[in-house]
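Contents: one structure, followed by commentary.
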Amino acid sequence: MAYTTATLVVKDPALPDGRTQITVEFTGAGEVTKRANYMVGPSDTATSIRRWAIATAKSFADVKTIADNLTVGQSVNLGAIADPAPTAQQVWQAKVNRYLAGKDLGLAGATAVADLAALKADIEATYLSAYL
């Protein structure tokens, strides 16, 4: 969906410096009606106001907020909120931290050495350059 219409709905009286504030209402099929103010100055042209309206309509379409989806009477879930799943980078960093902690312990047993080698191999296999 997109905003397709910009309608001048308020034009304030001109200020002593020649500027006039206008309020424009933006509408489009399936879009929440929004308004924006613009201070028209002496150097503005119909084209500059049109450019502003196009940019404003685009910014409204680009910025959707949770408020756009809220409706009066809607219930809010009061149940416990689960922690978000860790990202791949967070999982990788946790492996690095475990490896460094295990290595710092200086364990010399065959099982510990094999476990550390396996963990290091996993770290290297799952490494992405964006992680550093």
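Ordering of the structure tokens sets the chain letters (A, B, ...); residue numbers start at 1 within each chain; ligands are numbered from 1 in the order shown.
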Requested in this report: Could you give me the residues within chain A that DSSP places in strand (DSSP E or B), as a ChimeraX atom specification?
Outcome: /A:5-11,20-27,34-40
Give me the residues of segment 14-94 of chain A that have any atom at most 12 Å from an atom of segment 110-119 of chain A; for each, the nearest atom pair and the distance in Å, rounded to one decimal. Use only C-alpha atoms, sort by chain and number, and format it as JSON lines.
{"residue": "A:Trp92", "atom": "CA", "partner": "A:Leu119", "partner_atom": "CA", "distance": 10.5}
{"residue": "A:Gln93", "atom": "CA", "partner": "A:Leu119", "partner_atom": "CA", "distance": 11.9}
{"residue": "A:Ala94", "atom": "CA", "partner": "A:Leu119", "partner_atom": "CA", "distance": 11.0}
Segment 45-93 of chain A near segment 13-27 of chain A within 10 Å: what's each residue's closest atom pair and its distance in Å to one decimal, counting only C-alpha atoms, ordered by chain then ascending residue number, as JSON lines?
{"residue": "A:Ala53", "atom": "CA", "partner": "A:Val24", "partner_atom": "CA", "distance": 8.2}
{"residue": "A:Thr56", "atom": "CA", "partner": "A:Phe26", "partner_atom": "CA", "distance": 8.8}
{"residue": "A:Ala57", "atom": "CA", "partner": "A:Phe26", "partner_atom": "CA", "distance": 6.8}
{"residue": "A:Phe60", "atom": "CA", "partner": "A:Phe26", "partner_atom": "CA", "distance": 8.8}
Query raised in the report: Counting only C-alpha atoms, which of A:Lys64, A:Lys11, A:Lys58, A:Arg98 gets nearest to Val40 of chain A?
Result: A:Lys11
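When only C-alpha atoms are used to compute distances to Thr71 of chain A, the closest of the residues A:Val9, A:Val32, A:Thr126, A:Lys120 turns out to be A:Val32.
The interatomic distance for the pair atom CA of Thr45 of chain A and atom CA of Val63 of chain A works out to 27.0 Å.
Distance annotation: of A:Ile123, A:Met39, A:Ile66, A:Ala2, the residue with the minimal separation from Ile54 of chain A is A:Ala2; atom set is only C-alpha atoms.
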Report task. Name the residues of chain A that fall into helix (DSSP H, G or I) according to DSSP on the backbone, using the chain letters and numbers of this document, as an NGL selection string. Result -> :A and (46-62 or 66-69 or 88-105 or 110-126 or 129-131)
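In terms of minimum interatomic distance to Ala121 of chain A, A:Lys95 ranks closest within A:Asn69, A:Pro84, A:Leu105, A:Lys95, counting only C-alpha atoms.
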